[in-house]
$ cat run03.txt   # compact mmCIF, C-alpha atoms and all ligand atoms
# COMPACT_ATOMS: atom_id res chain seq x y z
CA MET A 1407 -47.95 6.35 -7.63
CA ARG A 1408 -45.51 5.27 -10.34
CA SER A 1409 -43.77 8.64 -10.26
CA SER A 1410 -43.37 8.55 -6.48
CA ILE A 1411 -41.75 5.09 -6.74
CA ALA A 1412 -39.46 6.46 -9.43
CA MET A 1413 -38.62 9.42 -7.20
CA LEU A 1414 -37.91 7.09 -4.28
CA LEU A 1415 -35.58 4.99 -6.45
CA LEU A 1416 -33.80 8.12 -7.62
CA ILE A 1417 -33.26 9.26 -4.03
CA LEU A 1418 -31.96 5.82 -3.02
CA LEU A 1419 -29.64 5.66 -6.03
CA SER A 1420 -28.16 9.07 -5.40
CA ALA A 1421 -27.71 8.24 -1.70
CA CYS A 1422 -25.77 5.11 -2.72
CA ALA A 1423 -23.65 7.09 -5.16
CA THR A 1424 -22.72 9.72 -2.61
CA THR A 1425 -21.92 7.30 0.21
CA ARG A 1426 -19.86 4.89 -1.91
CA GLU A 1427 -16.13 5.42 -1.38
CA THR A 1428 -13.88 6.49 -4.22
CA ARG A 1429 -11.80 3.62 -5.56
CA LEU A 1430 -8.66 3.59 -3.40
CA TYR A 1431 -6.38 3.74 -6.48
CA ASP A 1432 -8.08 7.00 -7.50
CA ALA A 1433 -8.02 8.33 -3.93
CA LEU A 1434 -4.25 7.76 -3.97
CA GLY A 1435 -4.01 9.85 -7.13
CA GLY A 1436 -3.87 7.13 -9.79
CA GLU A 1437 -0.58 6.12 -11.42
CA ALA A 1438 1.23 9.36 -10.53
CA GLY A 1439 -0.12 9.31 -6.97
CA VAL A 1440 0.95 5.70 -6.39
CA ALA A 1441 4.41 6.50 -7.79
CA ARG A 1442 4.67 9.45 -5.39
CA LEU A 1443 3.46 7.28 -2.52
CA VAL A 1444 5.96 4.51 -3.26
CA ASP A 1445 8.86 6.96 -3.57
CA ALA A 1446 7.92 8.43 -0.20
CA ILE A 1447 7.64 5.00 1.49
CA ALA A 1448 10.82 3.62 -0.10
CA THR A 1449 12.82 6.69 0.93
CA GLU A 1450 11.46 6.75 4.48
CA THR A 1451 12.05 3.01 5.06
CA ARG A 1452 15.54 3.15 3.48
CA ASP A 1453 16.49 6.06 5.77
CA ASP A 1454 14.82 4.65 8.88
CA VAL A 1455 17.21 4.23 11.81
CA LYS A 1456 15.70 0.89 12.83
CA ILE A 1457 14.95 -0.91 9.55
CA GLY A 1458 17.04 1.06 7.02
CA PHE A 1459 19.90 -1.45 7.17
CA LEU A 1460 17.62 -4.09 5.62
CA PHE A 1461 17.57 -2.08 2.37
CA GLU A 1462 21.36 -1.55 2.19
CA ASP A 1463 21.83 -3.81 -0.85
CA THR A 1464 18.44 -3.11 -2.41
CA ASP A 1465 18.18 -2.01 -6.02
CA GLN A 1466 15.83 0.91 -5.28
CA ASP A 1467 14.60 1.27 -8.89
CA TYR A 1468 13.60 -2.39 -9.05
CA PHE A 1469 12.08 -2.34 -5.55
CA ARG A 1470 10.05 0.82 -6.25
CA ALA A 1471 8.79 -0.58 -9.55
CA ARG A 1472 7.59 -3.79 -7.84
CA LEU A 1473 6.04 -1.87 -4.94
CA ARG A 1474 4.12 0.35 -7.39
CA GLU A 1475 2.86 -2.78 -9.15
CA HIS A 1476 1.97 -4.38 -5.83
CA ILE A 1477 0.00 -1.44 -4.53
CA CYS A 1478 -1.88 -1.01 -7.81
CA PRO A 1479 -4.11 -4.14 -7.62
CA ILE A 1480 -4.30 -3.88 -3.81
CA SER A 1481 -5.96 -0.50 -4.30
CA ASP A 1482 -8.22 -1.82 -7.11
CA GLY A 1483 -6.15 -0.28 -9.88
CA GLY A 1484 -6.11 -2.15 -13.17
CA CYS A 1485 -2.57 -3.45 -13.28
CA SER A 1486 -0.86 -6.65 -12.24
CA TYR A 1487 2.08 -7.52 -10.06
CA THR A 1488 5.11 -9.23 -11.65
CA GLY A 1489 7.38 -9.52 -8.60
CA LEU A 1490 8.05 -12.29 -6.12
CA ASP A 1491 5.19 -13.33 -3.86
CA MET A 1492 5.34 -11.90 -0.34
CA VAL A 1493 6.75 -15.06 1.27
CA GLU A 1494 9.53 -15.38 -1.34
CA ALA A 1495 10.30 -11.64 -1.31
CA HIS A 1496 10.97 -11.66 2.42
CA SER A 1497 12.43 -15.12 2.87
CA GLY A 1498 15.77 -15.34 4.65
CA MET A 1499 15.19 -11.98 6.40
CA ASP A 1500 13.35 -13.44 9.39
CA LEU A 1501 11.57 -10.10 9.91
CA SER A 1502 10.10 -9.66 13.38
CA GLU A 1503 6.69 -8.31 14.30
CA ALA A 1504 8.45 -5.20 15.67
CA GLN A 1505 10.17 -4.65 12.32
CA PHE A 1506 6.84 -5.03 10.56
CA ASN A 1507 5.41 -2.37 12.88
CA ASP A 1508 8.44 -0.13 12.21
CA PHE A 1509 7.78 -0.50 8.48
CA VAL A 1510 4.13 0.50 9.01
CA ASP A 1511 5.18 3.50 11.17
CA ALA A 1512 7.71 4.62 8.55
CA SER A 1513 5.08 4.22 5.83
CA ARG A 1514 2.61 6.32 7.79
CA ARG A 1515 5.23 9.04 8.34
CA ALA A 1516 6.08 8.96 4.64
CA MET A 1517 2.44 9.27 3.60
CA SER A 1518 1.85 12.17 6.00
CA LYS A 1519 4.93 14.01 4.75
CA ALA A 1520 3.77 13.42 1.17
CA GLY A 1521 0.36 14.89 2.00
CA PHE A 1522 -1.86 11.79 1.81
CA ALA A 1523 -5.00 12.20 3.95
CA ILE A 1524 -5.32 10.05 7.07
CA GLY A 1525 -8.44 8.35 5.72
CA VAL A 1526 -6.60 7.25 2.57
CA GLN A 1527 -3.60 6.11 4.65
CA ASN A 1528 -5.90 4.00 6.81
CA ARG A 1529 -7.56 2.43 3.80
CA LEU A 1530 -4.21 1.42 2.31
CA LEU A 1531 -2.76 0.15 5.59
CA ALA A 1532 -5.90 -1.91 6.21
CA ARG A 1533 -5.22 -3.68 2.91
CA LEU A 1534 -1.53 -4.22 3.68
CA ALA A 1535 -2.04 -5.46 7.25
CA PRO A 1536 -3.34 -8.93 6.23
CA LYS A 1537 0.01 -9.55 4.46
CA ARG A 1538 1.77 -9.51 7.81
CA ASP A 1539 1.90 -13.29 8.26
CA GLU A 1540 3.36 -13.76 4.76
CA VAL A 1541 6.07 -11.17 5.50
CA ILE A 1542 7.30 -11.90 9.04
CA HIS A 1543 9.35 -14.89 10.21
CA GLN A 1544 10.23 -15.99 6.66
C1 LIG B 1601 2.62 -5.49 3.75
C2 LIG B 1601 3.86 -5.12 3.86
C3 LIG B 1601 4.87 -5.26 2.74
C4 LIG B 1601 4.73 -5.25 1.38
C5 LIG B 1601 3.45 -5.08 0.58
C6 LIG B 1601 6.05 -5.42 0.80
C7 LIG B 1601 6.31 -5.47 -0.55
C8 LIG B 1601 7.52 -5.82 -1.09
C9 LIG B 1601 7.79 -6.02 -2.49
C10 LIG B 1601 6.76 -5.84 -3.59
C11 LIG B 1601 9.07 -6.38 -2.62
C12 LIG B 1601 9.83 -6.70 -3.92
C13 LIG B 1601 9.59 -8.14 -4.32
C14 LIG B 1601 10.49 -8.60 -5.46
O1 LIG B 1601 11.72 -8.60 -5.28
O2 LIG B 1601 9.97 -8.97 -6.51
C15 LIG B 1601 9.64 -6.40 -1.29
C16 LIG B 1601 10.95 -6.67 -0.98
C17 LIG B 1601 11.54 -6.34 0.22
N1 LIG B 1601 10.90 -5.93 1.36
FE1 LIG B 1601 8.93 -5.78 1.59
N2 LIG B 1601 6.95 -5.52 1.81
C18 LIG B 1601 6.27 -5.44 3.01
C19 LIG B 1601 6.82 -5.47 4.27
C20 LIG B 1601 8.16 -5.36 4.52
C21 LIG B 1601 8.75 -5.15 5.82
C22 LIG B 1601 7.96 -5.09 7.11
C23 LIG B 1601 10.10 -5.03 5.62
C24 LIG B 1601 11.19 -4.76 6.62
C25 LIG B 1601 10.99 -4.24 7.80
C26 LIG B 1601 10.35 -5.21 4.20
C27 LIG B 1601 11.58 -5.21 3.60
C28 LIG B 1601 11.83 -5.63 2.32
C29 LIG B 1601 13.17 -5.86 1.77
C30 LIG B 1601 14.48 -5.65 2.51
C31 LIG B 1601 12.97 -6.33 0.46
C32 LIG B 1601 14.05 -6.83 -0.49
C33 LIG B 1601 14.57 -5.77 -1.32
C34 LIG B 1601 15.70 -6.37 -2.14
O3 LIG B 1601 15.47 -7.17 -3.05
O4 LIG B 1601 16.84 -6.01 -1.84
N3 LIG B 1601 9.16 -5.42 3.57
N4 LIG B 1601 8.70 -6.04 -0.39
$ encode --input "run03.txt" --output "structure tokens"
Amino acid sequence: MRSSIAMLLLILLSACATTRETRLYDALGGEAGVARLVDAIATETRDDVKIGFLFEDTDQDYFRARLREHICPISDGGCSYTGLDMVEAHSGMDLSEAQFNDFVDASRRAMSKAGFAIGVQNRLLARLAPKRDEVIHQ
């Protein structure tokens, strides 16, 4: 009896372990993966015909460093963000909902080009989407 309960627990535990998703930070490829992701997104948004002009005066090294830091905790990586909060970072731009969607589209294109799987893209975008109201109309 005791051994069958133990067996049952073992089966349940291994089922949990196999169904639990990989930490998003790891699925993105850790520090190097996030750096690759951010480079792809920053390049695609900077070169985008619709929203590229917004990044005309942007210090790309600074922006990429902050975006790496921002995506790290969002994806459950163990680092912290030192940049402006999302309202401050986008204040004075009065970004529209359409521009937010353009940014998401450009990010998706960038991630596909860089070889990130759709499932991983969706997981990241689902974590960025709730920031929308802090980013637009500021
Ligand atoms: C969830 C979505 C977004 C995230 C996580 C995000 C993240 C960031 C971060 C971390 C910074 C740097 C903050 C700092 O200066 O310390 C920043 C700045 C900026 N973001 Fe966003 N952003 C988002 C959406 C957007 C959208 C939709 C646009 C435009 C369509 C945009 C355009 C910019 C621009 C132009 C800057 C300023 C760069 C500069 O200082 O020149 N962002 N953003």
$ closest_atom_pairs --input "run03.txt" --of "chain A" --to "ligand LIG 1601 (chain B)" --cutoff "7 Å" --atoms "all atoms listed in the file" --output "Markdown table"
| residue | atom | partner | partner_atom | distance |
| --- | --- | --- | --- | --- |
| A:Ile1457 | CA | B:LIG1601 | C25 | 5.5 |
| A:Leu1460 | CA | B:LIG1601 | C30 | 4.7 |
| A:Phe1461 | CA | B:LIG1601 | C30 | 4.7 |
| A:Asp1463 | CA | B:LIG1601 | O4 | 5.5 |
| A:Thr1464 | CA | B:LIG1601 | O4 | 3.4 |
| A:Asp1465 | CA | B:LIG1601 | O4 | 5.9 |
| A:Phe1469 | CA | B:LIG1601 | C12 | 5.2 |
| A:Arg1472 | CA | B:LIG1601 | C10 | 4.8 |
| A:Leu1473 | CA | B:LIG1601 | C10 | 4.3 |
| A:His1476 | CA | B:LIG1601 | C10 | 5.5 |
| A:Gly1489 | CA | B:LIG1601 | O2 | 3.4 |
| A:Leu1490 | CA | B:LIG1601 | O2 | 3.9 |
| A:Asp1491 | CA | B:LIG1601 | C13 | 6.8 |
| A:Met1492 | CA | B:LIG1601 | C8 | 6.5 |
| A:Ala1495 | CA | B:LIG1601 | C13 | 4.7 |
| A:His1496 | CA | B:LIG1601 | C17 | 5.8 |
| A:Leu1501 | CA | B:LIG1601 | C25 | 6.3 |
| A:Gln1505 | CA | B:LIG1601 | C25 | 4.6 |
| A:Phe1506 | CA | B:LIG1601 | C22 | 3.6 |
| A:Asn1507 | CA | B:LIG1601 | C22 | 6.9 |
| A:Asp1508 | CA | B:LIG1601 | C25 | 6.5 |
| A:Phe1509 | CA | B:LIG1601 | C22 | 4.8 |
| A:Leu1534 | CA | B:LIG1601 | C1 | 4.3 |
| A:Ala1535 | CA | B:LIG1601 | C1 | 5.8 |
| A:Lys1537 | CA | B:LIG1601 | C1 | 4.9 |
| A:Arg1538 | CA | B:LIG1601 | C1 | 5.8 |
| A:Val1541 | CA | B:LIG1601 | C19 | 5.9 |
$ write_last_selection --input "run03.txt" --atoms "C-alpha atoms" --output "CSV table (one decimal), in the frame of the given file"
chain,number,residue,atom,x,y,z
A,1457,ILE,CA,15.0,-0.9,9.6
A,1460,LEU,CA,17.6,-4.1,5.6
A,1461,PHE,CA,17.6,-2.1,2.4
A,1463,ASP,CA,21.8,-3.8,-0.8
A,1464,THR,CA,18.4,-3.1,-2.4
A,1465,ASP,CA,18.2,-2.0,-6.0
A,1469,PHE,CA,12.1,-2.3,-5.6
A,1472,ARG,CA,7.6,-3.8,-7.8
A,1473,LEU,CA,6.0,-1.9,-4.9
A,1476,HIS,CA,2.0,-4.4,-5.8
A,1489,GLY,CA,7.4,-9.5,-8.6
A,1490,LEU,CA,8.0,-12.3,-6.1
A,1491,ASP,CA,5.2,-13.3,-3.9
A,1492,MET,CA,5.3,-11.9,-0.3
A,1495,ALA,CA,10.3,-11.6,-1.3
A,1496,HIS,CA,11.0,-11.7,2.4
A,1501,LEU,CA,11.6,-10.1,9.9
A,1505,GLN,CA,10.2,-4.6,12.3
A,1506,PHE,CA,6.8,-5.0,10.6
A,1507,ASN,CA,5.4,-2.4,12.9
A,1508,ASP,CA,8.4,-0.1,12.2
A,1509,PHE,CA,7.8,-0.5,8.5
A,1534,LEU,CA,-1.5,-4.2,3.7
A,1535,ALA,CA,-2.0,-5.5,7.2
A,1537,LYS,CA,0.0,-9.6,4.5
A,1538,ARG,CA,1.8,-9.5,7.8
A,1541,VAL,CA,6.1,-11.2,5.5
$ closest_residue --input "run03.txt" --among "A:Asp1500, A:Asp1482, A:Arg1429, A:Leu1530" --to "Gln1544 of chain A" --atoms "all atoms listed in the file"
A:Asp1500
$ closest_residue --input "run03.txt" --among "A:Tyr1487, A:His1543, A:Ala1471, A:Ala1438" --to "Ala1504 of chain A" --atoms "all atoms listed in the file"
A:His1543
$ residues_around --input "run03.txt" --residues "segment 1447-1455 of chain A" --least-positions-apart "5" --cutoff "8 Å" --atoms "only C-alpha atoms" --output "list of chain:residue names"
A:Leu1460, A:Phe1461, A:Glu1462, A:Gln1466, A:Arg1470, A:Phe1509, A:Ala1512, A:Ser1513, A:Arg1515, A:Ala1516, A:Met1517
$ residues_around --input "run03.txt" --residues "Gly1484 of chain A" --least-positions-apart "3" --cutoff "10 Å" --atoms "all atoms listed in the file" --output "list in words"
Tyr1431, Glu1475, Cys1478, Pro1479, Ile1480 and Ser1481 of chain A
$ build_atoms --input "run03.txt" --residues "segment 1502-1527 of chain A" --atoms "N, CA and C atoms" --output "mmCIF file, in the frame of the given file"
data_model
loop_
_atom_site.group_PDB
_atom_site.id
_atom_site.type_symbol
_atom_site.label_atom_id
_atom_site.label_comp_id
_atom_site.auth_asym_id
_atom_site.auth_seq_id
_atom_site.Cartn_x
_atom_site.Cartn_y
_atom_site.Cartn_z
ATOM 1 N N SER A 1502 10.888 -9.512 12.149
ATOM 2 C CA SER A 1502 10.100 -9.660 13.380
ATOM 3 C C SER A 1502 8.824 -8.829 13.275
ATOM 4 N N GLU A 1503 7.926 -9.083 14.228
ATOM 5 C CA GLU A 1503 6.690 -8.310 14.300
ATOM 6 C C GLU A 1503 7.023 -6.833 14.535
ATOM 7 N N ALA A 1504 8.044 -6.584 15.385
ATOM 8 C CA ALA A 1504 8.450 -5.200 15.670
ATOM 9 C C ALA A 1504 8.943 -4.515 14.404
ATOM 10 N N GLN A 1505 9.688 -5.246 13.579
ATOM 11 C CA GLN A 1505 10.170 -4.650 12.320
ATOM 12 C C GLN A 1505 9.018 -4.384 11.361
ATOM 13 N N PHE A 1506 8.030 -5.277 11.392
ATOM 14 C CA PHE A 1506 6.840 -5.030 10.560
ATOM 15 C C PHE A 1506 6.164 -3.740 11.017
ATOM 16 N N ASN A 1507 6.034 -3.593 12.345
ATOM 17 C CA ASN A 1507 5.410 -2.370 12.880
ATOM 18 C C ASN A 1507 6.231 -1.126 12.551
ATOM 19 N N ASP A 1508 7.575 -1.260 12.579
ATOM 20 C CA ASP A 1508 8.440 -0.130 12.210
ATOM 21 C C ASP A 1508 8.209 0.267 10.748
ATOM 22 N N PHE A 1509 8.028 -0.753 9.914
ATOM 23 C CA PHE A 1509 7.780 -0.500 8.480
ATOM 24 C C PHE A 1509 6.454 0.253 8.312
ATOM 25 N N VAL A 1510 5.436 -0.169 9.080
ATOM 26 C CA VAL A 1510 4.130 0.500 9.010
ATOM 27 C C VAL A 1510 4.253 1.949 9.509
ATOM 28 N N ASP A 1511 4.984 2.138 10.617
ATOM 29 C CA ASP A 1511 5.180 3.500 11.170
ATOM 30 C C ASP A 1511 5.892 4.393 10.154
ATOM 31 N N ALA A 1512 6.950 3.845 9.547
ATOM 32 C CA ALA A 1512 7.710 4.620 8.550
ATOM 33 C C ALA A 1512 6.818 4.952 7.356
ATOM 34 N N SER A 1513 5.975 3.991 6.962
ATOM 35 C CA SER A 1513 5.080 4.220 5.830
ATOM 36 C C SER A 1513 4.072 5.315 6.149
ATOM 37 N N ARG A 1514 3.575 5.294 7.373
ATOM 38 C CA ARG A 1514 2.610 6.320 7.790
ATOM 39 C C ARG A 1514 3.270 7.717 7.789
ATOM 40 N N ARG A 1515 4.485 7.774 8.345
ATOM 41 C CA ARG A 1515 5.230 9.040 8.340
ATOM 42 C C ARG A 1515 5.433 9.536 6.913
ATOM 43 N N ALA A 1516 5.818 8.605 6.040
ATOM 44 C CA ALA A 1516 6.080 8.960 4.640
ATOM 45 C C ALA A 1516 4.810 9.511 3.993
ATOM 46 N N MET A 1517 3.693 8.843 4.231
ATOM 47 C CA MET A 1517 2.440 9.270 3.600
ATOM 48 C C MET A 1517 2.002 10.636 4.136
ATOM 49 N N SER A 1518 2.210 10.868 5.432
ATOM 50 C CA SER A 1518 1.850 12.170 6.000
ATOM 51 C C SER A 1518 2.713 13.268 5.397
ATOM 52 N N LYS A 1519 4.024 13.017 5.340
ATOM 53 C CA LYS A 1519 4.930 14.010 4.750
ATOM 54 C C LYS A 1519 4.549 14.308 3.308
ATOM 55 N N ALA A 1520 4.113 13.253 2.582
ATOM 56 C CA ALA A 1520 3.770 13.420 1.170
ATOM 57 C C ALA A 1520 2.362 13.979 0.967
ATOM 58 N N GLY A 1521 1.656 14.209 2.079
ATOM 59 C CA GLY A 1521 0.360 14.890 2.000
ATOM 60 C C GLY A 1521 -0.847 14.000 1.757
ATOM 61 N N PHE A 1522 -0.701 12.678 1.974
ATOM 62 C CA PHE A 1522 -1.860 11.790 1.810
ATOM 63 C C PHE A 1522 -2.752 11.891 3.057
ATOM 64 N N ALA A 1523 -4.062 12.024 2.832
ATOM 65 C CA ALA A 1523 -5.000 12.200 3.950
ATOM 66 C C ALA A 1523 -5.036 10.942 4.826
ATOM 67 N N ILE A 1524 -5.302 11.165 6.115
ATOM 68 C CA ILE A 1524 -5.320 10.050 7.070
ATOM 69 C C ILE A 1524 -6.287 8.943 6.633
ATOM 70 N N GLY A 1525 -7.444 9.338 6.136
ATOM 71 C CA GLY A 1525 -8.440 8.350 5.720
ATOM 72 C C GLY A 1525 -7.902 7.441 4.616
ATOM 73 N N VAL A 1526 -7.176 8.024 3.686
ATOM 74 C CA VAL A 1526 -6.600 7.250 2.570
ATOM 75 C C VAL A 1526 -5.477 6.358 3.112
ATOM 76 N N GLN A 1527 -4.672 6.904 4.024
ATOM 77 C CA GLN A 1527 -3.600 6.110 4.650
ATOM 78 C C GLN A 1527 -4.190 4.878 5.321
#
